[in-house]
Each structure stands twice: as C-alpha cells, then as structure tokens.
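File shown: my_file-v3.pdb (PDB, C-alpha atoms).
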ATOM      1  CA  MET A1025       0.000   0.000   0.000
ATOM      2  CA  ARG A1026       2.740   2.435   0.982
ATOM      3  CA  LYS A1027       4.653   1.854  -2.265
ATOM      4  CA  ALA A1028       1.487   2.250  -4.332
ATOM      5  CA  VAL A1029       0.604   5.608  -2.772
ATOM      6  CA  LEU A1030       4.147   6.943  -3.061
ATOM      7  CA  ALA A1031       4.236   5.930  -6.734
ATOM      8  CA  LEU A1032       0.927   7.666  -7.345
ATOM      9  CA  ILE A1033       2.086  11.007  -5.981
ATOM     10  CA  GLN A1034       5.334  11.118  -7.955
ATOM     11  CA  ARG A1035       5.084  13.977 -10.452
ATOM     12  CA  ARG A1036       7.135  12.178 -13.058
ATOM     13  CA  HIS A1037       4.145   9.904 -13.729
ATOM     14  CA  PHE A1038       2.202  12.869 -15.166
ATOM     15  CA  SER A1039       3.096  14.157 -18.606
ATOM     16  CA  HIS A1040       2.505  17.873 -17.988
ATOM     17  CA  GLY A1041       1.270  20.385 -15.449
ATOM     18  CA  GLU A1042      -2.386  20.332 -16.498
ATOM     19  CA  THR A1043      -2.570  16.561 -16.049
ATOM     20  CA  TYR A1044      -0.918  16.770 -12.647
ATOM     21  CA  ASP A1045      -3.333  19.554 -11.708
ATOM     22  CA  ARG A1046      -6.343  17.339 -12.350
ATOM     23  CA  HIS A1047      -4.891  14.518 -10.274
ATOM     24  CA  THR A1048      -3.807  16.736  -7.390
ATOM     25  CA  ALA A1049      -7.307  18.188  -7.093
ATOM     26  CA  ARG A1050      -8.632  14.725  -6.256
ATOM     27  CA  LEU A1051      -5.704  13.648  -4.095
ATOM     28  CA  PHE A1052      -5.105  16.783  -2.067
ATOM     29  CA  GLY A1053      -8.261  18.898  -2.268
ATOM     30  CA  GLY A1054      -9.220  18.170   1.337
ATOM     31  CA  LEU A1055      -5.676  18.723   2.553
ATOM     32  CA  HIS A1056      -5.472  22.055   0.765
ATOM     33  CA  GLN A1057      -8.653  23.173   2.518
ATOM     34  CA  ALA A1058      -7.171  22.215   5.898
ATOM     35  CA  VAL A1059      -3.852  23.941   5.202
ATOM     36  CA  ALA A1060      -5.558  27.091   3.961
ATOM     37  CA  ALA A1061      -7.612  27.190   7.168
ATOM     38  CA  ASP A1062      -4.431  26.791   9.259
ATOM     39  CA  VAL A1063      -2.725  29.620   7.392
ATOM     40  CA  ALA A1064      -5.764  31.898   7.546
ATOM     41  CA  ALA A1065      -5.838  31.497  11.315
ATOM     42  CA  ALA A1066      -2.090  32.002  11.857
ATOM     43  CA  ALA A1067      -0.877  34.585   9.345
ATOM     44  CA  PRO A1068      -0.535  38.173  10.608
ATOM     45  CA  ALA A1069      -2.487  40.975   8.974
ATOM     46  CA  GLY A1070      -0.868  41.962   5.693
ATOM     47  CA  GLY A1071       1.605  39.096   5.995
ATOM     48  CA  VAL A1072       3.566  37.142   3.416
ATOM     49  CA  VAL A1073       2.997  33.422   2.860
ATOM     50  CA  LEU A1074       5.370  31.151   0.963
ATOM     51  CA  ASP A1075       3.999  27.980  -0.622
ATOM     52  CA  ALA A1076       7.151  25.873  -1.018
ATOM     53  CA  GLY A1077       6.698  23.270  -3.735
ATOM     54  CA  CYS A1078       3.504  24.954  -4.914
ATOM     55  CA  GLY A1079       2.783  22.616  -7.826
ATOM     56  CA  SER A1080      -0.067  23.946  -9.947
ATOM     57  CA  GLY A1081      -0.944  26.701  -7.485
ATOM     58  CA  ARG A1082      -4.230  25.438  -6.057
ATOM     59  CA  LEU A1083      -3.240  25.970  -2.444
ATOM     60  CA  ALA A1084      -1.682  29.398  -2.986
ATOM     61  CA  VAL A1085      -4.825  30.662  -4.701
ATOM     62  CA  LEU A1086      -7.032  29.168  -2.002
ATOM     63  CA  ILE A1087      -5.024  30.932   0.721
ATOM     64  CA  ALA A1088      -5.256  34.254  -1.115
ATOM     65  CA  ARG A1089      -9.019  33.910  -1.488
ATOM     66  CA  ARG A1090      -9.448  33.151   2.217
ATOM     67  CA  ARG A1091      -7.253  36.055   3.308
ATOM     68  CA  PRO A1092      -7.469  39.020   0.897
ATOM     69  CA  ASP A1093      -4.882  40.926   2.961
ATOM     70  CA  LEU A1094      -2.073  38.424   2.364
ATOM     71  CA  GLN A1095       0.666  38.333  -0.257
ATOM     72  CA  VAL A1096       1.306  34.754  -1.405
ATOM     73  CA  ARG A1097       4.458  33.535  -3.129
ATOM     74  CA  GLY A1098       4.603  30.077  -4.710
ATOM     75  CA  ILE A1099       7.863  28.386  -5.697
ATOM     76  CA  ASP A1100       8.268  25.094  -7.523
ATOM     77  CA  LEU A1101      11.193  23.383  -9.213
ATOM     78  CA  GLU A1102       9.191  22.564 -12.356
ATOM     79  CA  PRO A1103       8.579  25.457 -14.799
ATOM     80  CA  GLY A1104       5.558  23.617 -16.225
ATOM     81  CA  MET A1105       3.884  23.658 -12.827
ATOM     82  CA  VAL A1106       4.636  27.347 -12.394
ATOM     83  CA  GLU A1107       3.062  28.141 -15.772
ATOM     84  CA  VAL A1108      -0.164  26.377 -14.781
ATOM     85  CA  ALA A1109      -0.133  28.130 -11.397
ATOM     86  CA  ALA A1110       0.362  31.574 -12.943
ATOM     87  CA  ARG A1111      -2.561  31.018 -15.309
ATOM     88  CA  ARG A1112      -4.742  30.026 -12.347
ATOM     89  CA  ALA A1113      -3.892  33.246 -10.504
ATOM     90  CA  GLU A1114      -4.704  35.268 -13.631
ATOM     91  CA  ARG A1115      -8.086  33.541 -14.030
ATOM     92  CA  GLU A1116      -8.906  34.262 -10.396
ATOM     93  CA  ASN A1117      -7.856  37.928 -10.743
ATOM     94  CA  LEU A1118      -5.249  37.376  -8.040
ATOM     95  CA  ALA A1119      -2.053  37.984  -9.996
ATOM     96  CA  GLY A1120      -1.439  41.185  -8.050
ATOM     97  CA  ARG A1121      -1.180  39.289  -4.747
ATOM     98  CA  VAL A1122      -0.138  35.792  -5.829
ATOM     99  CA  GLN A1123       3.128  35.289  -7.673
ATOM    100  CA  PHE A1124       4.885  32.116  -8.790
ATOM    101  CA  SER A1125       8.443  31.343  -9.816
ATOM    102  CA  ALA A1126      10.584  28.322 -10.615
ATOM    103  CA  ALA A1127      13.461  27.691  -8.215
ATOM    104  CA  ASP A1128      15.155  25.046  -6.082
ATOM    105  CA  LEU A1129      13.838  25.015  -2.515
ATOM    106  CA  ALA A1130      17.352  24.236  -1.316
ATOM    107  CA  SER A1131      18.538  27.590  -2.676
ATOM    108  CA  LEU A1132      15.617  29.986  -2.472
ATOM    109  CA  PRO A1133      15.990  33.295  -4.378
ATOM    110  CA  LEU A1134      14.402  35.192  -1.473
ATOM    111  CA  PRO A1135      15.800  37.572   1.151
ATOM    112  CA  ASP A1136      16.262  36.631   4.794
ATOM    113  CA  ASP A1137      13.214  37.009   7.052
ATOM    114  CA  SER A1138      10.833  37.577   4.141
ATOM    115  CA  ALA A1139       7.938  35.193   4.943
ATOM    116  CA  ASP A1140       5.611  35.086   7.942
ATOM    117  CA  VAL A1141       4.254  31.608   7.191
ATOM    118  CA  ILE A1142       5.823  28.879   5.068
ATOM    119  CA  VAL A1143       3.836  25.824   4.044
ATOM    120  CA  SER A1144       4.743  22.825   1.929
ATOM    121  CA  THR A1145       2.246  20.169   0.882
ATOM    122  CA  ALA A1146       3.082  16.813  -0.698
ATOM    123  CA  SER A1147       6.560  18.034  -1.588
ATOM    124  CA  LEU A1148       8.704  16.485   1.145
ATOM    125  CA  HIS A1149       8.994  13.140  -0.635
ATOM    126  CA  HIS A1150      10.627  14.938  -3.600
ATOM    127  CA  TRP A1151      13.418  16.578  -1.585
ATOM    128  CA  ALA A1152      16.824  15.130  -2.416
ATOM    129  CA  ASP A1153      18.603  17.103   0.318
ATOM    130  CA  VAL A1154      16.191  17.608   3.201
ATOM    131  CA  SER A1155      18.772  19.373   5.367
ATOM    132  CA  ALA A1156      19.468  21.958   2.669
ATOM    133  CA  VAL A1157      15.770  22.608   2.112
ATOM    134  CA  ILE A1158      15.020  22.999   5.818
ATOM    135  CA  ALA A1159      17.942  25.418   6.200
ATOM    136  CA  SER A1160      16.838  27.396   3.146
ATOM    137  CA  LEU A1161      13.229  27.645   4.318
ATOM    138  CA  GLY A1162      14.341  28.585   7.807
ATOM    139  CA  ARG A1163      16.518  31.388   6.465
ATOM    140  CA  VAL A1164      13.584  33.170   4.807
ATOM    141  CA  LEU A1165      11.207  32.645   7.744
ATOM    142  CA  ARG A1166      10.697  35.704   9.887
ATOM    143  CA  PRO A1167      11.296  35.450  13.646
ATOM    144  CA  GLY A1168       8.208  34.003  15.281
ATOM    145  CA  GLY A1169       6.884  32.702  11.954
ATOM    146  CA  GLU A1170       5.446  29.283  11.182
ATOM    147  CA  LEU A1171       7.069  26.563   9.048
ATOM    148  CA  TRP A1172       4.684  23.681   8.355
ATOM    149  CA  ILE A1173       5.421  20.655   6.173
ATOM    150  CA  TYR A1174       2.438  18.519   5.195
ATOM    151  CA  ASP A1175       2.520  15.160   3.459
ATOM    152  CA  PHE A1176       1.005  11.688   3.621
ATOM    153  CA  ARG A1177       1.503  10.213   7.075
ATOM    154  CA  ILE A1178       3.336   7.259   5.519
ATOM    155  CA  VAL A1179       6.086   9.575   4.222
ATOM    156  CA  PRO A1180       8.946   9.113   6.718
ATOM    157  CA  ALA A1181       9.482  12.083   9.002
ATOM    158  CA  GLY A1182      12.920  10.925  10.107
ATOM    159  CA  ARG A1183      14.857  12.984   7.573
ATOM    160  CA  VAL A1184      13.095  16.152   8.684
ATOM    161  CA  ARG A1185      13.784  15.380  12.344
ATOM    162  CA  SER A1186      17.427  14.641  11.551
ATOM    163  CA  ALA A1187      17.782  17.858   9.556
ATOM    164  CA  ALA A1188      16.142  19.812  12.351
ATOM    165  CA  ARG A1189      18.453  18.323  14.977
ATOM    166  CA  SER A1190      21.485  19.357  12.953
ATOM    167  CA  LEU A1191      20.178  22.936  13.187
ATOM    168  CA  ASP A1192      19.290  22.645  16.878
ATOM    169  CA  SER A1193      15.639  22.786  15.863
ATOM    170  CA  GLN A1194      12.505  21.111  17.149
ATOM    171  CA  VAL A1195       9.839  19.294  15.128
ATOM    172  CA  ASP A1196       6.261  18.753  16.264
ATOM    173  CA  ARG A1197       4.260  16.104  14.392
ATOM    174  CA  THR A1198       0.473  16.278  14.130
ATOM    175  CA  LEU A1199      -1.781  13.900  12.231
ATOM    176  CA  VAL A1200      -4.249  15.601   9.889
ATOM    177  CA  ARG A1201      -7.650  14.146   9.035
ATOM    178  CA  THR A1202      -9.542  15.571   6.067
ATOM    179  CA  GLY A1203     -12.989  14.974   4.635
ATOM    180  CA  ARG A1204     -15.139  12.118   5.867
ATOM    181  CA  PHE A1205     -12.419   9.492   5.984
ATOM    182  CA  PRO A1206     -12.296   8.191   9.582
ATOM    183  CA  ALA A1207      -8.489   7.921   9.768
ATOM    184  CA  ALA A1208      -5.851  10.628   9.389
ATOM    185  CA  LEU A1209      -4.127  10.193   6.026
ATOM    186  CA  PHE A1210      -1.769  13.149   6.378
ATOM    187  CA  GLN A1211       0.740  14.583   8.810
ATOM    188  CA  ARG A1212       1.984  18.054   9.612
ATOM    189  CA  LEU A1213       5.586  18.597  10.678
ATOM    190  CA  ALA A1214       6.018  21.967  12.370
ATOM    191  CA  VAL A1215       9.674  22.973  12.388
ATOM    192  CA  HIS A1216      10.905  25.487  14.978
ATOM    193  CA  PRO A1217      14.531  26.403  14.176
ATOM    194  CA  PRO A1218      16.641  28.945  16.086
ATOM    195  CA  ARG A1219      17.672  31.980  14.057
ATOM    196  CA  SER A1220      21.391  31.404  14.574
ATOM    197  CA  ALA A1221      21.199  28.122  12.662
ATOM    198  CA  TYR A1222      20.269  29.668   9.334
ATOM    199  CA  PRO A1223      22.772  30.242   6.531
ATOM    200  CA  GLU A1224      23.186  33.735   5.150
ATOM    201  CA  ALA A1225      21.265  34.847   2.105
ATOM    202  CA  PRO A1226      23.067  34.845  -1.252
ATOM    203  CA  ALA A1227      25.064  38.026  -1.861
ATOM    204  CA  HIS A1228      22.812  39.208  -4.676
ATOM    205  CA  LEU A1229      19.879  39.272  -2.235
ATOM    206  CA  THR A1230      21.618  41.079   0.613
ATOM    207  CA  GLY A1231      23.625  43.608  -1.365
ATOM    208  CA  ALA A1232      26.886  42.154  -0.024
ATOM    209  CA  ARG A1233      29.902  41.992  -2.294
TER
END

Encoding of this model in structure tokens:
Amino acid sequence: MRKAVLALIQRRHFSHGETYDRHTARLFGGLHQAVAADVAAAAPAGGVVLDAGCGSGRLAVLIARRRPDLQVRGIDLEPGMVEVAARRAERENLAGRVQFSAADLASLPLPDDSADVIVSTASLHHWADVSAVIASLGRVLRPGGELWIYDFRIVPAGRVRSAARSLDSQVDRTLVRTGRFPAALFQRLAVHPPRSAYPEAPAHLTGAR
C-alpha cells in the first residue's frame, strides 16, 4: 500500500502540469482546505505566505481567497507547474497578490526574514537534500513565523527530524484528518529552528559583495 501511494504522488508519472493539476485536485483537495484554514488562522495581517513546492498553485490561490490581505508567493522546481499556477492566478484575478516562480527550494531566491508563514504540501517526498531545504526555508522565515510541512503520514518524518536536529531545531508532528475518511491520512511537521542556525542569504539578495 505504501509503495502504491508513493508511486501515485510522484510527479514524473504525469506528462505535464495540467494533467498533474487534475490529479492533485482529487488527491489533495481536502488537505489544501485544511492547510488554507491553518494559514488563515495564523498569518498576521498583511503578511507574506510562501507555498514551497507549490505545484499547480491550487493551495496558494485558495489561501489568497481566504485572506485578501495576504501576499502569497509560490515556488516550484518545475517550470511547467509554475506556468499552470500563474494562469490560475490570472483567471482568479489574483495575480497582483499571488506570484509564482521556478526555483530550487534548497537555494531559495528570497531575502532573509521575508515570509511570515511557510507551508509545503506533498513536496517532502521529492526533496533530495532535506537538510538543505530545511535550512533554506528557515533562512527566509521571519522570527516568530510558522514553518509547516504537510505530506502523507506514511512519508517518513525521520529525515526532517534529523535535519532539524542538525540545526538545533525542534519538530512537532500532528496527524491531519480531512474529509469524511475516519483515519488521518496526512501529517503536519512543524519545524521550529533557532535563528542562529540559518545560513546567510546569497550576496545578490543582501547587497553584499
């Protein structure tokens, strides 16, 4: 069962972003609703939310619709996903508050302390270097912000815990139940890293020479 689910959620099995978008709506629609509710309750007024591994942009758009005061930034490694996401924001008349770009989560092209809430859904199992991604996300998180990683509960959390320990960080795991299914299919890993553990931003983002 575990192998079958993990195979199903691998993006390489879908030929292009539109196909993946249709599948992800069925797989993660309930999870997206839960995450958007979490973000809506936690984000400060006028805050910035980063959707790390945004895929086709469904969650980012949902967050922006729930909280019209927020700026939402979505980043994904696959340009095809970003194209689909950008078109969705345009259709929803949200392009002024929701922006997408293609980049590696392990080397985010964002300044230090630039996001109040960072969420990632169904992306953890794609990360080749979990430690680098956690450090990169932590660098752009503002002090007191929230960093939440959601995925299927069968996706091992050990690599996140190990990465967090190397940064003297804590991880809280919560099971997430969505829809009418009686059991929790998903998990949320809340990472709480100390500021001193983060690497510095790239020089072109800080103005350093």

With 7 Å as the cut-off and all atoms listed in the file counted, what is the closest atom pair between each nearby residue of region 1122-1175 of chain A and region 1057-1073 of chain A? Distances in Å to one decimal, ordered by chain and number, as JSON lines.
{"residue": "A:Ala1139", "atom": "CA", "partner": "A:Val1072", "partner_atom": "CA", "distance": 5.0}
{"residue": "A:Asp1140", "atom": "CA", "partner": "A:Val1072", "partner_atom": "CA", "distance": 5.4}
{"residue": "A:Val1141", "atom": "CA", "partner": "A:Val1073", "partner_atom": "CA", "distance": 4.9}
{"residue": "A:Ile1142", "atom": "CA", "partner": "A:Val1073", "partner_atom": "CA", "distance": 5.8}

Hits of the PyMOL selection byres ((chain A and resi 1154) around 10) in this structure, as a PDB file with C-alpha atoms, in the frame of the given file:
ATOM      1  CA  LEU A1129      13.838  25.015  -2.515  1.00  0.00           C
ATOM      2  CA  ALA A1130      17.352  24.236  -1.316  1.00  0.00           C
ATOM      3  CA  LEU A1148       8.704  16.485   1.145  1.00  0.00           C
ATOM      4  CA  HIS A1149       8.994  13.140  -0.635  1.00  0.00           C
ATOM      5  CA  HIS A1150      10.627  14.938  -3.600  1.00  0.00           C
ATOM      6  CA  TRP A1151      13.418  16.578  -1.585  1.00  0.00           C
ATOM      7  CA  ALA A1152      16.824  15.130  -2.416  1.00  0.00           C
ATOM      8  CA  ASP A1153      18.603  17.103   0.318  1.00  0.00           C
ATOM      9  CA  SER A1155      18.772  19.373   5.367  1.00  0.00           C
ATOM     10  CA  ALA A1156      19.468  21.958   2.669  1.00  0.00           C
ATOM     11  CA  VAL A1157      15.770  22.608   2.112  1.00  0.00           C
ATOM     12  CA  ILE A1158      15.020  22.999   5.818  1.00  0.00           C
ATOM     13  CA  ALA A1159      17.942  25.418   6.200  1.00  0.00           C
ATOM     14  CA  SER A1160      16.838  27.396   3.146  1.00  0.00           C
ATOM     15  CA  ARG A1183      14.857  12.984   7.573  1.00  0.00           C
ATOM     16  CA  VAL A1184      13.095  16.152   8.684  1.00  0.00           C
ATOM     17  CA  ARG A1185      13.784  15.380  12.344  1.00  0.00           C
ATOM     18  CA  SER A1186      17.427  14.641  11.551  1.00  0.00           C
ATOM     19  CA  ALA A1187      17.782  17.858   9.556  1.00  0.00           C
ATOM     20  CA  ALA A1188      16.142  19.812  12.351  1.00  0.00           C
TER      21      ALA A1188
END

> Given the choices A:Leu1074, A:Leu1086, A:Leu1101, A:Val1106, which gets closest to Leu1055 (chain A) if the distance is worked out from all atoms listed in the file?
Replying inline: A:Leu1086

>> What would the selection look like, as a ChimeraX atom specification, if the PyMOL selection byres ((chain A and resi 1143) around 7) were run on the coordinates I just shared?
In response: /A:1074-1076,1141-1142,1144-1145,1171-1173

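The smallest atom-to-atom distance between Phe1176 (chain A) and any of A:Arg1046, A:Gly1098, A:Pro1133, A:Phe1052, using all atoms listed in the file, is found for A:Phe1052.
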
For this structure, which residues satisfy the selection - the PyMOL selection byres ((chain A and resi 1080) around 10) - when it is evaluated on the file as given? I want them as a CSV table (one decimal) with C-alpha atoms, keeping the file's coordinate frame.
chain,number,residue,atom,x,y,z
A,1041,GLY,CA,1.3,20.4,-15.4
A,1042,GLU,CA,-2.4,20.3,-16.5
A,1043,THR,CA,-2.6,16.6,-16.0
A,1044,TYR,CA,-0.9,16.8,-12.6
A,1045,ASP,CA,-3.3,19.6,-11.7
A,1046,ARG,CA,-6.3,17.3,-12.4
A,1048,THR,CA,-3.8,16.7,-7.4
A,1049,ALA,CA,-7.3,18.2,-7.1
A,1077,GLY,CA,6.7,23.3,-3.7
A,1078,CYS,CA,3.5,25.0,-4.9
A,1079,GLY,CA,2.8,22.6,-7.8
A,1081,GLY,CA,-0.9,26.7,-7.5
A,1082,ARG,CA,-4.2,25.4,-6.1
A,1083,LEU,CA,-3.2,26.0,-2.4
A,1084,ALA,CA,-1.7,29.4,-3.0
A,1085,VAL,CA,-4.8,30.7,-4.7
A,1098,GLY,CA,4.6,30.1,-4.7
A,1100,ASP,CA,8.3,25.1,-7.5
A,1102,GLU,CA,9.2,22.6,-12.4
A,1104,GLY,CA,5.6,23.6,-16.2
A,1105,MET,CA,3.9,23.7,-12.8
A,1106,VAL,CA,4.6,27.3,-12.4
A,1107,GLU,CA,3.1,28.1,-15.8
A,1108,VAL,CA,-0.2,26.4,-14.8
A,1109,ALA,CA,-0.1,28.1,-11.4
A,1110,ALA,CA,0.4,31.6,-12.9
A,1111,ARG,CA,-2.6,31.0,-15.3
A,1112,ARG,CA,-4.7,30.0,-12.3
A,1124,PHE,CA,4.9,32.1,-8.8

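Atom pair CA of Ser1125 (chain A) / CA of Ser1190 (chain A) has a distance of 28.8 Å (rounded to one decimal).
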
>> Please determine, counting only C-alpha atoms, which residue among A:Val1122, A:Ala1214, A:Ala1113, A:Ala1146 has the shortest atom-to-atom distance to Gln1095 (chain A).
In response: A:Val1122

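Proximity of A:Arg1121, A:His1047, A:His1216, A:Arg1201 to Arg1097 (chain A), computed with only C-alpha atoms, is greatest for A:Arg1121.
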
> At what distance in Å, to one decimal, does CA of Pro1103 (chain A) lie from CA of Val1215 (chain A)?
Replying inline: 27.3 Å

> Quick one: residues within 6 Å of Gln1211 (chain A), all atoms listed in the file counted, chain neighbours fewer than 3 positions away excluded, as an MDAnalysis selection string?
Replying inline: chainID A and resid 1174:1177 1198:1200

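CA of Asp1196 (chain A) is positioned 28.9 Å from CA of Pro1092 (chain A).
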
>> Is it possible to get the residues within 6 Å of (-11.8, 17.3, 4.4) (coordinates as in the file, counting all atoms listed in the file) written as a ChimeraX atom specification?
In response: /A:1054,1202-1203

For the selection you just gave me, I'd like the residues written to a file as a PDB file, in the frame of the given file, keeping C-alpha atoms.
ATOM      1  CA  GLY A1054      -9.220  18.170   1.337  1.00  0.00           C
ATOM      2  CA  THR A1202      -9.542  15.571   6.067  1.00  0.00           C
ATOM      3  CA  GLY A1203     -12.989  14.974   4.635  1.00  0.00           C
TER       4      GLY A1203
END

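Between Leu1161 (chain A) and the candidates A:Arg1189, A:Pro1217, A:Val1096, A:Gln1194, the tightest atom-to-atom separation, counting all atoms listed in the file, involves A:Pro1217.
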
Reconstructed region 1184-1214 of chain A, atom set N, CA and C atoms, as a PDB file, in the frame of the given file:
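The resulting file, selection-v7.pdb, is reproduced below:
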ATOM      1  N   VAL A1184      13.376  14.798   8.210  1.00  0.00           N
ATOM      2  CA  VAL A1184      13.095  16.152   8.684  1.00  0.00           C
ATOM      3  C   VAL A1184      13.581  16.310  10.117  1.00  0.00           C
ATOM      4  N   ARG A1185      13.328  15.316  10.951  1.00  0.00           N
ATOM      5  CA  ARG A1185      13.784  15.380  12.344  1.00  0.00           C
ATOM      6  C   ARG A1185      15.311  15.440  12.406  1.00  0.00           C
ATOM      7  N   SER A1186      15.969  14.643  11.569  1.00  0.00           N
ATOM      8  CA  SER A1186      17.427  14.641  11.551  1.00  0.00           C
ATOM      9  C   SER A1186      17.970  15.990  11.097  1.00  0.00           C
ATOM     10  N   ALA A1187      17.356  16.550  10.048  1.00  0.00           N
ATOM     11  CA  ALA A1187      17.782  17.858   9.556  1.00  0.00           C
ATOM     12  C   ALA A1187      17.561  18.925  10.614  1.00  0.00           C
ATOM     13  N   ALA A1188      16.443  18.828  11.311  1.00  0.00           N
ATOM     14  CA  ALA A1188      16.142  19.812  12.351  1.00  0.00           C
ATOM     15  C   ALA A1188      17.139  19.716  13.506  1.00  0.00           C
ATOM     16  N   ARG A1189      17.484  18.492  13.886  1.00  0.00           N
ATOM     17  CA  ARG A1189      18.453  18.323  14.977  1.00  0.00           C
ATOM     18  C   ARG A1189      19.794  18.931  14.624  1.00  0.00           C
ATOM     19  N   SER A1190      20.194  18.800  13.365  1.00  0.00           N
ATOM     20  CA  SER A1190      21.485  19.357  12.953  1.00  0.00           C
ATOM     21  C   SER A1190      21.499  20.877  13.033  1.00  0.00           C
ATOM     22  N   LEU A1191      20.306  21.485  13.065  1.00  0.00           N
ATOM     23  CA  LEU A1191      20.178  22.936  13.187  1.00  0.00           C
ATOM     24  C   LEU A1191      19.682  23.332  14.571  1.00  0.00           C
ATOM     25  N   ASP A1192      19.774  22.389  15.517  1.00  0.00           N
ATOM     26  CA  ASP A1192      19.290  22.645  16.878  1.00  0.00           C
ATOM     27  C   ASP A1192      17.831  23.076  16.884  1.00  0.00           C
ATOM     28  N   SER A1193      17.044  22.433  16.016  1.00  0.00           N
ATOM     29  CA  SER A1193      15.639  22.786  15.863  1.00  0.00           C
ATOM     30  C   SER A1193      14.742  21.693  16.416  1.00  0.00           C
ATOM     31  N   GLN A1194      13.504  22.053  16.683  1.00  0.00           N
ATOM     32  CA  GLN A1194      12.505  21.111  17.149  1.00  0.00           C
ATOM     33  C   GLN A1194      11.481  20.850  16.060  1.00  0.00           C
ATOM     34  N   VAL A1195      10.891  19.653  16.063  1.00  0.00           N
ATOM     35  CA  VAL A1195       9.839  19.294  15.128  1.00  0.00           C
ATOM     36  C   VAL A1195       8.668  18.714  15.905  1.00  0.00           C
ATOM     37  N   ASP A1196       7.488  19.286  15.679  1.00  0.00           N
ATOM     38  CA  ASP A1196       6.261  18.753  16.264  1.00  0.00           C
ATOM     39  C   ASP A1196       5.446  18.095  15.163  1.00  0.00           C
ATOM     40  N   ARG A1197       5.031  16.842  15.388  1.00  0.00           N
ATOM     41  CA  ARG A1197       4.260  16.104  14.392  1.00  0.00           C
ATOM     42  C   ARG A1197       2.806  16.002  14.823  1.00  0.00           C
ATOM     43  N   THR A1198       1.909  16.355  13.895  1.00  0.00           N
ATOM     44  CA  THR A1198       0.473  16.278  14.130  1.00  0.00           C
ATOM     45  C   THR A1198      -0.170  15.536  12.976  1.00  0.00           C
ATOM     46  N   LEU A1199      -1.043  14.592  13.279  1.00  0.00           N
ATOM     47  CA  LEU A1199      -1.781  13.900  12.231  1.00  0.00           C
ATOM     48  C   LEU A1199      -2.954  14.767  11.782  1.00  0.00           C
ATOM     49  N   VAL A1200      -3.229  14.734  10.482  1.00  0.00           N
ATOM     50  CA  VAL A1200      -4.249  15.601   9.889  1.00  0.00           C
ATOM     51  C   VAL A1200      -5.300  14.739   9.202  1.00  0.00           C
ATOM     52  N   ARG A1201      -6.534  14.865   9.663  1.00  0.00           N
ATOM     53  CA  ARG A1201      -7.650  14.146   9.035  1.00  0.00           C
ATOM     54  C   ARG A1201      -8.446  15.123   8.185  1.00  0.00           C
ATOM     55  N   THR A1202      -8.784  14.713   6.978  1.00  0.00           N
ATOM     56  CA  THR A1202      -9.542  15.571   6.067  1.00  0.00           C
ATOM     57  C   THR A1202     -10.764  14.824   5.559  1.00  0.00           C
ATOM     58  N   GLY A1203     -11.794  15.586   5.200  1.00  0.00           N
ATOM     59  CA  GLY A1203     -12.989  14.974   4.635  1.00  0.00           C
ATOM     60  C   GLY A1203     -13.692  14.043   5.610  1.00  0.00           C
ATOM     61  N   ARG A1204     -14.351  13.047   5.058  1.00  0.00           N
ATOM     62  CA  ARG A1204     -15.139  12.118   5.867  1.00  0.00           C
ATOM     63  C   ARG A1204     -14.395  10.833   6.205  1.00  0.00           C
ATOM     64  N   PHE A1205     -13.165  10.720   5.711  1.00  0.00           N
ATOM     65  CA  PHE A1205     -12.419   9.492   5.984  1.00  0.00           C
ATOM     66  C   PHE A1205     -12.130   9.414   7.472  1.00  0.00           C
ATOM     67  N   PRO A1206     -12.402   8.270   8.121  1.00  0.00           N
ATOM     68  CA  PRO A1206     -12.296   8.191   9.582  1.00  0.00           C
ATOM     69  C   PRO A1206     -10.870   8.261  10.125  1.00  0.00           C
ATOM     70  N   ALA A1207      -9.880   7.918   9.307  1.00  0.00           N
ATOM     71  CA  ALA A1207      -8.489   7.921   9.768  1.00  0.00           C
ATOM     72  C   ALA A1207      -7.740   9.120   9.191  1.00  0.00           C
ATOM     73  N   ALA A1208      -6.695   9.527   9.874  1.00  0.00           N
ATOM     74  CA  ALA A1208      -5.851  10.628   9.389  1.00  0.00           C
ATOM     75  C   ALA A1208      -4.898  10.099   8.328  1.00  0.00           C
ATOM     76  N   LEU A1209      -4.996  10.627   7.122  1.00  0.00           N
ATOM     77  CA  LEU A1209      -4.127  10.193   6.026  1.00  0.00           C
ATOM     78  C   LEU A1209      -2.855  11.029   5.929  1.00  0.00           C
ATOM     79  N   PHE A1210      -2.871  12.207   6.545  1.00  0.00           N
ATOM     80  CA  PHE A1210      -1.769  13.149   6.378  1.00  0.00           C
ATOM     81  C   PHE A1210      -1.125  13.478   7.721  1.00  0.00           C
ATOM     82  N   GLN A1211       0.023  14.112   7.633  1.00  0.00           N
ATOM     83  CA  GLN A1211       0.740  14.583   8.810  1.00  0.00           C
ATOM     84  C   GLN A1211       1.205  16.009   8.579  1.00  0.00           C
ATOM     85  N   ARG A1212       1.376  16.726   9.676  1.00  0.00           N
ATOM     86  CA  ARG A1212       1.984  18.054   9.612  1.00  0.00           C
ATOM     87  C   ARG A1212       3.206  18.066  10.509  1.00  0.00           C
ATOM     88  N   LEU A1213       4.340  18.457   9.938  1.00  0.00           N
ATOM     89  CA  LEU A1213       5.586  18.597  10.678  1.00  0.00           C
ATOM     90  C   LEU A1213       5.858  20.088  10.849  1.00  0.00           C
ATOM     91  N   ALA A1214       5.752  20.562  12.070  1.00  0.00           N
ATOM     92  CA  ALA A1214       6.018  21.967  12.370  1.00  0.00           C
ATOM     93  C   ALA A1214       7.453  22.093  12.847  1.00  0.00           C
TER      94      ALA A1214
END
